[in-house]
Structures are given as C-alpha cells and as structure tokens.
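Enquirer: Got work_24.pdb for you, PDB, C-alpha atoms and all ligand atoms:
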ATOM      1  CA  MET A 691      75.191  96.670  90.766
ATOM      2  CA  LEU A 692      76.205  93.963  93.224
ATOM      3  CA  LYS A 693      74.158  91.070  94.520
ATOM      4  CA  ILE A 694      75.616  88.641  97.028
ATOM      5  CA  ALA A 695      73.159  85.842  97.723
ATOM      6  CA  GLY A 696      73.520  83.353 100.572
ATOM      7  CA  ILE A 697      77.285  82.809 100.515
ATOM      8  CA  ASN A 698      79.087  80.565 102.984
ATOM      9  CA  GLN A 699      82.786  80.306 103.745
ATOM     10  CA  PHE A 700      84.883  78.041 105.948
ATOM     11  CA  TYR A 701      88.446  78.290 107.290
ATOM     12  CA  GLY A 702      88.976  74.542 107.825
ATOM     13  CA  SER A 703      86.136  73.490 110.106
ATOM     14  CA  SER A 704      85.343  77.033 111.228
ATOM     15  CA  HIS A 705      82.203  78.372 109.564
ATOM     16  CA  THR A 706      83.142  82.046 108.972
ATOM     17  CA  LEU A 707      80.336  83.315 106.723
ATOM     18  CA  ARG A 708      76.802  82.033 107.160
ATOM     19  CA  ASP A 709      74.314  82.616 104.337
ATOM     20  CA  VAL A 710      75.432  86.214 103.863
ATOM     21  CA  SER A 711      73.334  88.245 101.424
ATOM     22  CA  LEU A 712      73.594  91.918 100.544
ATOM     23  CA  GLU A 713      73.162  94.302  97.650
ATOM     24  CA  VAL A 714      74.721  97.522  96.405
ATOM     25  CA  ALA A 715      72.401  99.655  94.280
ATOM     26  CA  GLN A 716      73.694 101.339  91.124
ATOM     27  CA  GLY A 717      75.627 104.490  92.046
ATOM     28  CA  ALA A 718      75.007 104.000  95.782
ATOM     29  CA  CYS A 719      77.025 102.870  98.797
ATOM     30  CA  THR A 720      76.347  99.932 101.095
ATOM     31  CA  VAL A 721      78.334  99.678 104.321
ATOM     32  CA  VAL A 722      79.129  96.425 106.116
ATOM     33  CA  LEU A 723      79.541  97.024 109.844
ATOM     34  CA  GLY A 724      80.697  94.700 112.586
ATOM     35  CA  ARG A 725      83.159  94.248 115.427
ATOM     36  CA  ASN A 726      86.640  92.764 115.021
ATOM     37  CA  GLY A 727      86.708  89.216 113.724
ATOM     38  CA  VAL A 728      83.076  88.924 112.566
ATOM     39  CA  GLY A 729      84.090  88.119 108.982
ATOM     40  CA  LYS A 730      84.098  91.482 107.178
ATOM     41  CA  THR A 731      87.455  91.042 105.452
ATOM     42  CA  THR A 732      86.641  87.415 104.706
ATOM     43  CA  LEU A 733      83.473  88.579 102.950
ATOM     44  CA  LEU A 734      85.456  91.037 100.805
ATOM     45  CA  LYS A 735      88.072  88.392  99.969
ATOM     46  CA  CYS A 736      85.272  86.097  98.780
ATOM     47  CA  LEU A 737      83.862  88.965  96.724
ATOM     48  CA  VAL A 738      87.156  89.775  94.989
ATOM     49  CA  GLY A 739      88.024  86.103  94.477
ATOM     50  CA  LEU A 740      90.898  85.706  96.942
ATOM     51  CA  LEU A 741      88.882  83.037  98.790
ATOM     52  CA  PRO A 742      86.434  80.486  97.362
ATOM     53  CA  VAL A 743      82.831  80.376  98.596
ATOM     54  CA  LYS A 744      80.812  77.286  99.473
ATOM     55  CA  GLY A 745      77.350  77.780  98.057
ATOM     56  CA  GLY A 746      75.549  80.969  97.213
ATOM     57  CA  GLY A 747      76.286  83.381  94.397
ATOM     58  CA  ILE A 748      77.860  86.726  93.525
ATOM     59  CA  ALA A 749      76.617  88.815  90.601
ATOM     60  CA  LEU A 750      78.126  92.090  89.380
ATOM     61  CA  ALA A 751      75.960  94.192  87.072
ATOM     62  CA  GLY A 752      73.854  91.110  86.382
ATOM     63  CA  ARG A 753      76.840  88.905  85.521
ATOM     64  CA  ASP A 754      77.622  85.853  87.670
ATOM     65  CA  ILE A 755      81.219  86.092  88.951
ATOM     66  CA  THR A 756      80.998  83.480  91.729
ATOM     67  CA  ARG A 757      83.697  81.283  90.163
ATOM     68  CA  THR A 758      85.532  83.920  88.137
ATOM     69  CA  PRO A 759      89.280  84.113  88.930
ATOM     70  CA  CYS A 760      90.439  87.155  90.895
ATOM     71  CA  HIS A 761      92.221  89.016  88.059
ATOM     72  CA  LYS A 762      89.204  88.576  85.790
ATOM     73  CA  ARG A 763      87.019  90.208  88.459
ATOM     74  CA  VAL A 764      89.090  93.378  88.020
ATOM     75  CA  ASP A 765      88.198  93.248  84.316
ATOM     76  CA  ALA A 766      84.560  92.691  85.338
ATOM     77  CA  GLY A 767      84.673  95.932  87.350
ATOM     78  CA  LEU A 768      85.784  95.310  90.936
ATOM     79  CA  GLY A 769      88.271  97.815  92.433
ATOM     80  CA  TYR A 770      89.693  96.753  95.802
ATOM     81  CA  VAL A 771      91.248  98.847  98.563
ATOM     82  CA  PRO A 772      92.402  96.185 101.038
ATOM     83  CA  GLN A 773      92.593  96.493 104.811
ATOM     84  CA  GLY A 774      96.005  97.872 105.736
ATOM     85  CA  ARG A 775      96.219  99.440 102.258
ATOM     86  CA  GLU A 776      98.816  97.047 100.799
ATOM     87  CA  ILE A 777     100.491  99.626  98.619
ATOM     88  CA  PHE A 778     103.862  98.624  97.144
ATOM     89  CA  PRO A 779     106.170 100.244  99.724
ATOM     90  CA  LEU A 780     109.383 100.198  97.675
ATOM     91  CA  LEU A 781     107.831 101.744  94.563
ATOM     92  CA  THR A 782     107.139 105.452  94.137
ATOM     93  CA  VAL A 783     103.678 106.934  94.459
ATOM     94  CA  GLU A 784     103.484 107.301  90.689
ATOM     95  CA  GLU A 785     104.567 103.682  90.094
ATOM     96  CA  ASN A 786     101.867 102.470  92.481
ATOM     97  CA  LEU A 787      99.298 104.425  90.489
ATOM     98  CA  GLN A 788     100.682 103.091  87.208
ATOM     99  CA  ILE A 789      99.963  99.539  88.385
ATOM    100  CA  GLY A 790      96.300 100.439  88.883
ATOM    101  CA  ALA A 791      96.151 102.192  85.522
ATOM    102  CA  TYR A 792      97.754  99.213  83.781
ATOM    103  CA  ALA A 793      95.321  96.748  85.390
ATOM    104  CA  GLY A 794      92.302  98.822  84.385
ATOM    105  CA  GLU A 795      93.300 100.383  81.071
ATOM    106  CA  ARG A 796      90.484  98.647  79.167
ATOM    107  CA  ASN A 797      87.843  99.226  81.870
ATOM    108  CA  GLN A 798      85.328 101.961  82.441
ATOM    109  CA  THR A 799      82.845 102.724  85.216
ATOM    110  CA  ALA A 800      79.140 102.023  84.723
ATOM    111  CA  GLU A 801      78.779 105.676  83.665
ATOM    112  CA  GLY A 802      81.514 105.274  81.029
ATOM    113  CA  LYS A 803      84.131 107.190  83.032
ATOM    114  CA  GLN A 804      87.859 106.461  82.766
ATOM    115  CA  PHE A 805      89.970 108.003  85.527
ATOM    116  CA  SER A 806      93.179 109.805  84.561
ATOM    117  CA  PHE A 807      96.210 110.548  86.729
ATOM    118  CA  ASP A 808      95.014 114.162  86.737
ATOM    119  CA  ASP A 809      91.641 113.072  88.133
ATOM    120  CA  VAL A 810      93.417 111.255  90.962
ATOM    121  CA  PHE A 811      95.775 114.195  91.609
ATOM    122  CA  HIS A 812      92.778 116.522  91.647
ATOM    123  CA  THR A 813      90.997 114.228  94.130
ATOM    124  CA  PHE A 814      94.082 113.787  96.343
ATOM    125  CA  PRO A 815      96.455 116.744  95.716
ATOM    126  CA  VAL A 816      98.996 115.361  98.185
ATOM    127  CA  LEU A 817      99.675 112.467  95.794
ATOM    128  CA  LYS A 818     100.732 114.928  93.110
ATOM    129  CA  THR A 819     103.120 116.680  95.474
ATOM    130  CA  MET A 820     104.566 113.345  96.536
ATOM    131  CA  ARG A 821     104.481 111.505  93.249
ATOM    132  CA  ARG A 822     108.226 110.794  93.117
ATOM    133  CA  ARG A 823     108.443 109.708  96.766
ATOM    134  CA  ILE A 824     108.867 106.115  97.846
ATOM    135  CA  ALA A 825     105.350 105.081  98.887
ATOM    136  CA  GLY A 826     106.504 103.316 102.050
ATOM    137  CA  ASN A 827     107.675 106.687 103.422
ATOM    138  CA  LEU A 828     104.189 108.255 103.242
ATOM    139  CA  SER A 829     102.015 108.626 106.350
ATOM    140  CA  GLY A 830      99.234 106.107 106.924
ATOM    141  CA  GLY A 831      96.613 108.542 105.684
ATOM    142  CA  GLN A 832      98.591 109.374 102.555
ATOM    143  CA  GLN A 833      99.050 105.657 101.857
ATOM    144  CA  GLN A 834      95.291 105.198 102.216
ATOM    145  CA  GLN A 835      94.712 107.961  99.673
ATOM    146  CA  LEU A 836      97.239 106.259  97.395
ATOM    147  CA  ALA A 837      95.457 102.912  97.738
ATOM    148  CA  ILE A 838      92.152 104.575  96.811
ATOM    149  CA  GLY A 839      93.787 106.395  93.880
ATOM    150  CA  ARG A 840      95.306 103.145  92.641
ATOM    151  CA  ALA A 841      91.879 101.458  92.801
ATOM    152  CA  LEU A 842      90.195 104.371  90.982
ATOM    153  CA  LEU A 843      92.667 104.027  88.113
ATOM    154  CA  THR A 844      91.375 100.482  87.545
ATOM    155  CA  ASN A 845      88.128 102.245  86.495
ATOM    156  CA  PRO A 846      85.897 100.099  88.703
ATOM    157  CA  LYS A 847      82.149  99.747  88.519
ATOM    158  CA  LEU A 848      82.220  98.812  92.211
ATOM    159  CA  LEU A 849      84.810 100.312  94.564
ATOM    160  CA  ILE A 850      85.416  98.060  97.582
ATOM    161  CA  LEU A 851      87.065  99.518 100.687
ATOM    162  CA  ASP A 852      88.087  97.611 103.821
ATOM    163  CA  GLU A 853      88.199  99.947 106.860
ATOM    164  CA  PRO A 854      89.702 102.967 105.077
ATOM    165  CA  THR A 855      89.646 105.057 108.286
ATOM    166  CA  GLU A 856      91.606 102.554 110.396
ATOM    167  CA  GLY A 857      94.511 104.278 112.133
ATOM    168  CA  ILE A 858      94.187 107.487 110.134
ATOM    169  CA  GLN A 859      94.290 111.087 111.354
ATOM    170  CA  PRO A 860      90.884 112.838 111.554
ATOM    171  CA  SER A 861      91.607 115.467 108.877
ATOM    172  CA  ILE A 862      92.311 112.783 106.273
ATOM    173  CA  VAL A 863      89.265 110.774 107.405
ATOM    174  CA  MET A 864      87.132 113.833 106.612
ATOM    175  CA  GLU A 865      88.807 114.199 103.225
ATOM    176  CA  ILE A 866      88.165 110.538 102.385
ATOM    177  CA  GLU A 867      84.536 110.917 103.497
ATOM    178  CA  ALA A 868      84.039 113.828 101.088
ATOM    179  CA  VAL A 869      85.749 111.947  98.250
ATOM    180  CA  LEU A 870      83.613 108.821  98.689
ATOM    181  CA  ARG A 871      80.427 110.895  98.789
ATOM    182  CA  SER A 872      81.409 112.672  95.586
ATOM    183  CA  LEU A 873      82.286 109.400  93.814
ATOM    184  CA  LYS A 874      78.803 107.947  94.309
ATOM    185  CA  GLY A 875      76.888 108.051  91.080
ATOM    186  CA  THR A 876      80.043 107.717  88.991
ATOM    187  CA  LEU A 877      80.551 104.349  90.628
ATOM    188  CA  SER A 878      78.994 102.138  93.301
ATOM    189  CA  ILE A 879      80.709 101.522  96.639
ATOM    190  CA  LEU A 880      80.895  98.628  99.100
ATOM    191  CA  LEU A 881      82.449  99.908 102.317
ATOM    192  CA  VAL A 882      83.561  97.920 105.362
ATOM    193  CA  GLU A 883      83.731 100.115 108.434
ATOM    194  CA  GLN A 884      83.622 100.069 112.238
ATOM    195  CA  PHE A 885      83.290 103.844 112.671
ATOM    196  CA  PHE A 886      79.534 104.577 112.944
ATOM    197  CA  ASP A 887      79.551 108.285 112.007
ATOM    198  CA  PHE A 888      81.744 107.807 108.948
ATOM    199  CA  ALA A 889      79.593 104.874 107.798
ATOM    200  CA  GLN A 890      76.377 106.807 108.228
ATOM    201  CA  ALA A 891      77.774 109.854 106.419
ATOM    202  CA  VAL A 892      78.851 107.858 103.355
ATOM    203  CA  ALA A 893      76.411 104.961 103.017
ATOM    204  CA  ASP A 894      72.865 104.701 101.675
ATOM    205  CA  ASP A 895      72.293 101.174 102.937
ATOM    206  CA  TYR A 896      73.842  99.151 105.745
ATOM    207  CA  VAL A 897      74.363  95.580 106.847
ATOM    208  CA  VAL A 898      75.634  94.451 110.270
ATOM    209  CA  LEU A 899      77.541  91.200 110.670
ATOM    210  CA  VAL A 900      77.779  89.294 113.944
ATOM    211  CA  ARG A 901      79.778  86.047 113.874
ATOM    212  CA  GLY A 902      79.527  85.757 110.115
ATOM    213  CA  GLN A 903      75.777  86.382 109.943
ATOM    214  CA  VAL A 904      73.732  89.388 108.868
ATOM    215  CA  VAL A 905      71.792  90.438 111.978
ATOM    216  CA  SER A 906      70.514  93.843 110.860
ATOM    217  CA  ALA A 907      70.114  95.603 107.508
ATOM    218  CA  GLY A 908      68.331  98.637 106.140
ATOM    219  CA  LYS A 909      68.689 102.248 105.052
ATOM    220  CA  SER A 910      71.560 104.136 106.686
ATOM    221  CA  ASP A 911      69.224 106.779 108.118
ATOM    222  CA  GLN A 912      67.688 103.984 110.212
ATOM    223  CA  MET A 913      71.007 102.919 111.732
ATOM    224  CA  GLU A 914      70.486 104.890 114.937
ATOM    225  CA  ALA A 915      66.869 103.728 115.359
ATOM    226  CA  ASN A 916      67.865 100.118 114.693
ATOM    227  CA  ASN A 917      70.452 100.196 117.493
ATOM    228  CA  VAL A 918      73.389  99.621 115.183
ATOM    229  CA  ARG A 919      75.714 101.427 117.624
ATOM    230  CA  SER A 920      75.195  98.725 120.218
ATOM    231  CA  LEU A 921      75.882  95.988 117.649
ATOM    232  CA  ILE A 922      79.266  97.416 116.704
ATOM    233  CA  SER A 923      80.553  99.025 119.917
ATOM    234  CA  VAL A 924      83.024  97.032 121.988
TER     235      VAL A 924
HETATM  236  N1  LIG A1001      93.454  82.765 107.064
HETATM  237  C1  LIG A1001      92.674  82.455 108.099
HETATM  238  N2  LIG A1001      92.647  81.203 108.598
HETATM  239  C2  LIG A1001      91.829  80.881 109.640
HETATM  240  N3  LIG A1001      91.023  81.742 110.260
HETATM  241  C3  LIG A1001      91.019  83.005 109.814
HETATM  242  C4  LIG A1001      91.840  83.437 108.719
HETATM  243  N4  LIG A1001      91.618  84.759 108.501
HETATM  244  C5  LIG A1001      90.703  85.132 109.420
HETATM  245  N5  LIG A1001      90.344  84.088 110.212
HETATM  246  C6  LIG A1001      89.334  84.123 111.299
HETATM  247  O1  LIG A1001      88.062  84.336 110.670
HETATM  248  C7  LIG A1001      87.272  85.245 111.443
HETATM  249  C8  LIG A1001      86.894  86.446 110.576
HETATM  250  O2  LIG A1001      88.069  87.190 110.261
HETATM  251  P1  LIG A1001      88.025  88.505 109.387
HETATM  252  O3  LIG A1001      89.448  88.915 109.149
HETATM  253  O4  LIG A1001      87.170  88.290 108.214
HETATM  254  O5  LIG A1001      87.318  89.510 110.409
HETATM  255  P2  LIG A1001      87.064  91.087 110.295
HETATM  256  O6  LIG A1001      85.620  91.275 110.570
HETATM  257  O7  LIG A1001      87.614  91.607 109.035
HETATM  258  O8  LIG A1001      87.905  91.647 111.533
HETATM  259  P3  LIG A1001      88.682  93.054 111.694
HETATM  260  O9  LIG A1001      87.639  94.066 112.010
HETATM  261  O10 LIG A1001      89.583  92.819 112.872
HETATM  262  O11 LIG A1001      89.435  93.334 110.439
HETATM  263  C9  LIG A1001      88.118  85.603 112.664
HETATM  264  O12 LIG A1001      87.725  84.765 113.712
HETATM  265  C10 LIG A1001      89.524  85.306 112.229
HETATM  266  O13 LIG A1001      90.328  84.955 113.347
HETATM  267 MG    MG A1002      89.068  92.960 108.593
END
With the file now loaded, output its structure as structure tokens.
Expert:
Amino acid sequence: MLKIAGINQFYGSSHTLRDVSLEVAQGACTVVLGRNGVGKTTLLKCLVGLLPVKGGGIALAGRDITRTPCHKRVDAGLGYVPQGREIFPLLTVEENLQIGAYAGERNQTAEGKQFSFDDVFHTFPVLKTMRRRIAGNLSGGQQQQLAIGRALLTNPKLLILDEPTEGIQPSIVMEIEAVLRSLKGTLSILLVEQFFDFAQAVADDYVVLVRGQVVSAGKSDQMEANNVRSLISV
C-alpha cells in the first residue's frame, strides 16, 4: 500500500532523514519506533506533504505521490492523525468530524468502505455523547479519539498516526489499541510510537529510527529478539 524508498530531508544544514525506506503492506500495520528527536514526525510530514523531500520516492497504492501537494494526498488516500492531535479546539466535536467528512467525501478505503458518522460514534461512543461539546474542553484521550474519528471520515487507504498514546490515560490507550487492530484489513496503518507493548500489539512490521536512519526492521514478533527495547528506551 505504501512504499517509501530512500528519502532524505534537511532542516537547513541538518540532515534529518537519511535514506529512509519502509513499506506498509495492504491491510497491515507498520510501526516506526525511535526515541525523541530521531525524525519520526519529520518522516510523517514528508509523507503527507507538509515537508519536501530531497531524493527518494513515495508511492501510495502504486501511484507516485513524492511531489503531490498535501491536500491532493488526502484525495490519494492518506489520513493523518498528527502528534498532539491538532483538533480544532473552538469547534464542537461534530464540527471537527464534519471537516474530515468534507475533506474525504469522494474517497473510499482500498476495500471500498466509506465511514459514516454512525461508524465513528460506534467506534468511539464517547464522541456521540459529547458531540455538541467544544472540542477544546475534552480530555486528552477524548481529543485523540476525535482526531482518529476525523481522519477515518476522510476514508483513507492509509491511516497515519503520530504517537497516539502520548499523554493518554491507560484505559483509552487500550481502547485505541483495540480500534486500530479492528481497522486493519479495512485500511492500512502507519503508526509512530515509542511505547513498545502498544506497538507490538498493533503492528505487523516494524522499523526503528536512530538519528534519521533505519537501524532495525522486521516482523513485529521479532521485536523482542532483535533488541528493539534497548533501541527505544531512554
Ligand atoms: N522545524 C524544524 N526546524 C529545524 N529542526 C527541526 C524542526 N523540527 C524538528 N527539528 C529537529 O529535527 C529532529 C527530528 O525531529 P522530529 O520532530 O522529527 O523528531 P521525533 O522523532 O518526532 O521526536 P518526538 O518523539 O519528540 O516527537 C530533531 O532534532 C528536531 O529538533
Ligand atoms: Mg514527533
């Protein structure tokens, strides 16, 4: 579904991504692991088109999107849940969801699925209860669920999540884990995570970044054997 091949990125003279390659198989989840500041968010920003890449290529479902503008990548099938959630805090929960639905109204997942508000409310019942609330007043975990719901309504082929468990209470982390596992198949997932157990529970394949470079990659059931814990613990 996704193929990133040898991309490089620079902030000024600082070489942030070095020949990064990874793949997400159709209907599966790949996790990108790494400590703070190794370039995980930068990689996702390059993927969604918020930052340009120097060299290398990005293909989604066989289509080259390396130079495609950001908003056109949503049409191509990328759904993005940014780090820190970035919901619209002054809009209601429902209005936040409407923005996702509007952006993705002509899209469908690789399996031909179009998500409805009812699907999202079924997935995250708390959003239904709170749909008229101002989103900025929700807890961090509820805002994370809202950000995922908003991305689902864009009907992505690839759902991209940047540290969805960051600063979130354990009960909601478990809920998000179950949701991501159940979404696989309907769509493909690229997850950025620092929490080993969550990553292993959700992902099929993994990649570890150290200083902008892939230093380890494989199947998620090999993460323990390949010493991934030591590569991501601080
Ligand atoms: N806009 C920017 N300008 C210059 N340098 C930046 C910019 N954004 C990030 N960096 C630097 O690039 C490197 C990679 O940052 P990035 O945010 O991609 O890391 P990360 O792996 O997502 O970290 P975290 O786990 O803390 O979210 C860091 O050294 C960071 O300080
Ligand atoms: Mg980050």
Enquirer: Using all atoms listed in the file, which of A:Phe814, A:Phe885, A:Tyr792, A:Tyr896 sits nearest ligand LIG 1001 (chain A)?
Expert: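 Nearest to ligand LIG 1001 (chain A): A:Phe885.
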Enquirer: Find, counting all atoms listed in the file, the residue in A:Leu692, A:Val924, A:Leu787, A:Val918 that gets nearest to ligand LIG 1001 (chain A).
Expert: A:Val924
Enquirer: Point out the residue among A:Lys730, A:Arg763, A:Arg840, A:Lys818 with the least atom-to-atom distance to Ile777 of chain A, counting all atoms listed in the file.
Expert: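 When distances to Ile777 of chain A are compared using all atoms listed in the file, the smallest one comes from A:Arg840.
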Enquirer: Quick one: residues within 8 Å of segment 865-881 of chain A, all atoms listed in the file, excluding same-chain residues fewer than 4 positions away - as a PyMOL selection string?
Expert: chain A and resi 691+714-722+799-801+803+813+835+846-853+861+888-889+891-893
Enquirer: Can you pull out every residue within 10 Å of segment 919-921 of chain A, counting all atoms listed in the file, but drop anything in the same chain fewer than 6 positions away, and send it as JSON, numbers by chain?
Expert: {"A": [723, 724, 725, 884, 885, 886, 887, 898, 899, 900, 905, 906, 913]}
Enquirer: Give me, please, the distance in Å between atom CA of Pro772 of chain A and atom CA of Gly902 of chain A, quoted to one decimal.
Expert: 18.9 Å
Enquirer: Could you give me, as a ChimeraX atom specification, every polymer residue with an atom at most 9 Å away from an atom of ligand MG 1002 (chain A), counting all atoms listed in the file?
Expert: /A:726-732,734,772-774,852-853,882-883
Enquirer: Run through the PyMOL selection byres (((chain A and resi 911) around 10) and not hetatm) on the given coordinates and return the selected residues as a list in words.
Expert: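 The output of the PyMOL selection byres (((chain A and resi 911) around 10) and not hetatm) on this file is Gln890, Ala891, Ala893, Asp894, Asp895, Tyr896, Gly908, Lys909, Ser910, Gln912, Met913, Glu914, Ala915 and Asn916 of chain A.
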Enquirer: Translate the PyMOL selection byres (((chain A and resi 785) around 12) and not hetatm) into a concrete residue list for this structure, as a list in words.
Expert: Ile777, Phe778, Pro779, Leu780, Leu781, Thr782, Val783, Glu784, Asn786, Leu787, Gln788, Ile789, Gly790, Ala791, Tyr792, Phe807, Leu817, Met820, Arg821, Arg822, Arg823, Ile824, Ala825, Leu836, Ala837, Gly839 and Arg840 of chain A
Enquirer: So how far away is atom CA of Ile922 of chain A from atom CA of Ala749 of chain A, in Å?
Expert: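 Distance between the two atoms: 27.6 Å.
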Enquirer: In Å, rounded to a single decimal, give me how far atom CA of Cys760 of chain A is from atom CA of Leu843 of chain A.
Expert: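 Interatomic distance here is 17.2 Å.
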Enquirer: Out of A:Pro854, A:Ala751, A:Asn917, A:Ser829, which residue has the shortest atom-to-atom distance to ligand LIG 1001 (chain A) when counting all atoms listed in the file?
Expert: A:Pro854
Enquirer: Which of these, A:Ile694, A:Leu712, A:Cys736, A:Ala766, has the shortest distance to ligand LIG 1001 (chain A) once you count all atoms listed in the file?
Expert: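 So, comparing all the options, the nearest one is A:Cys736.
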Enquirer: Quick one: of A:Gly826, A:Thr855, A:Gly767, A:Pro860, who's nearest to Leu842 of chain A, counting only C-alpha atoms?
Expert: A:Gly767
Enquirer: Written as an NGL selection string, which residues does the PyMOL selection byres (((chain A and resi 748) around 10) and not hetatm) give for the file shown?
Expert: :A and (692-697 or 711-713 or 736-738 or 743 or 746-747 or 749-750 or 752-758)
Enquirer: Mind giving me the axis-aligned box for ligand LIG 1001 (chain A) with 6 Å on every side, centre plus edges in Å to one decimal, as lines of an AutoDock Vina configuration file?
Expert:
center_x = 89.5
center_y = 87.5
center_z = 110.4
size_x = 19.8
size_y = 25.2
size_z = 18.6
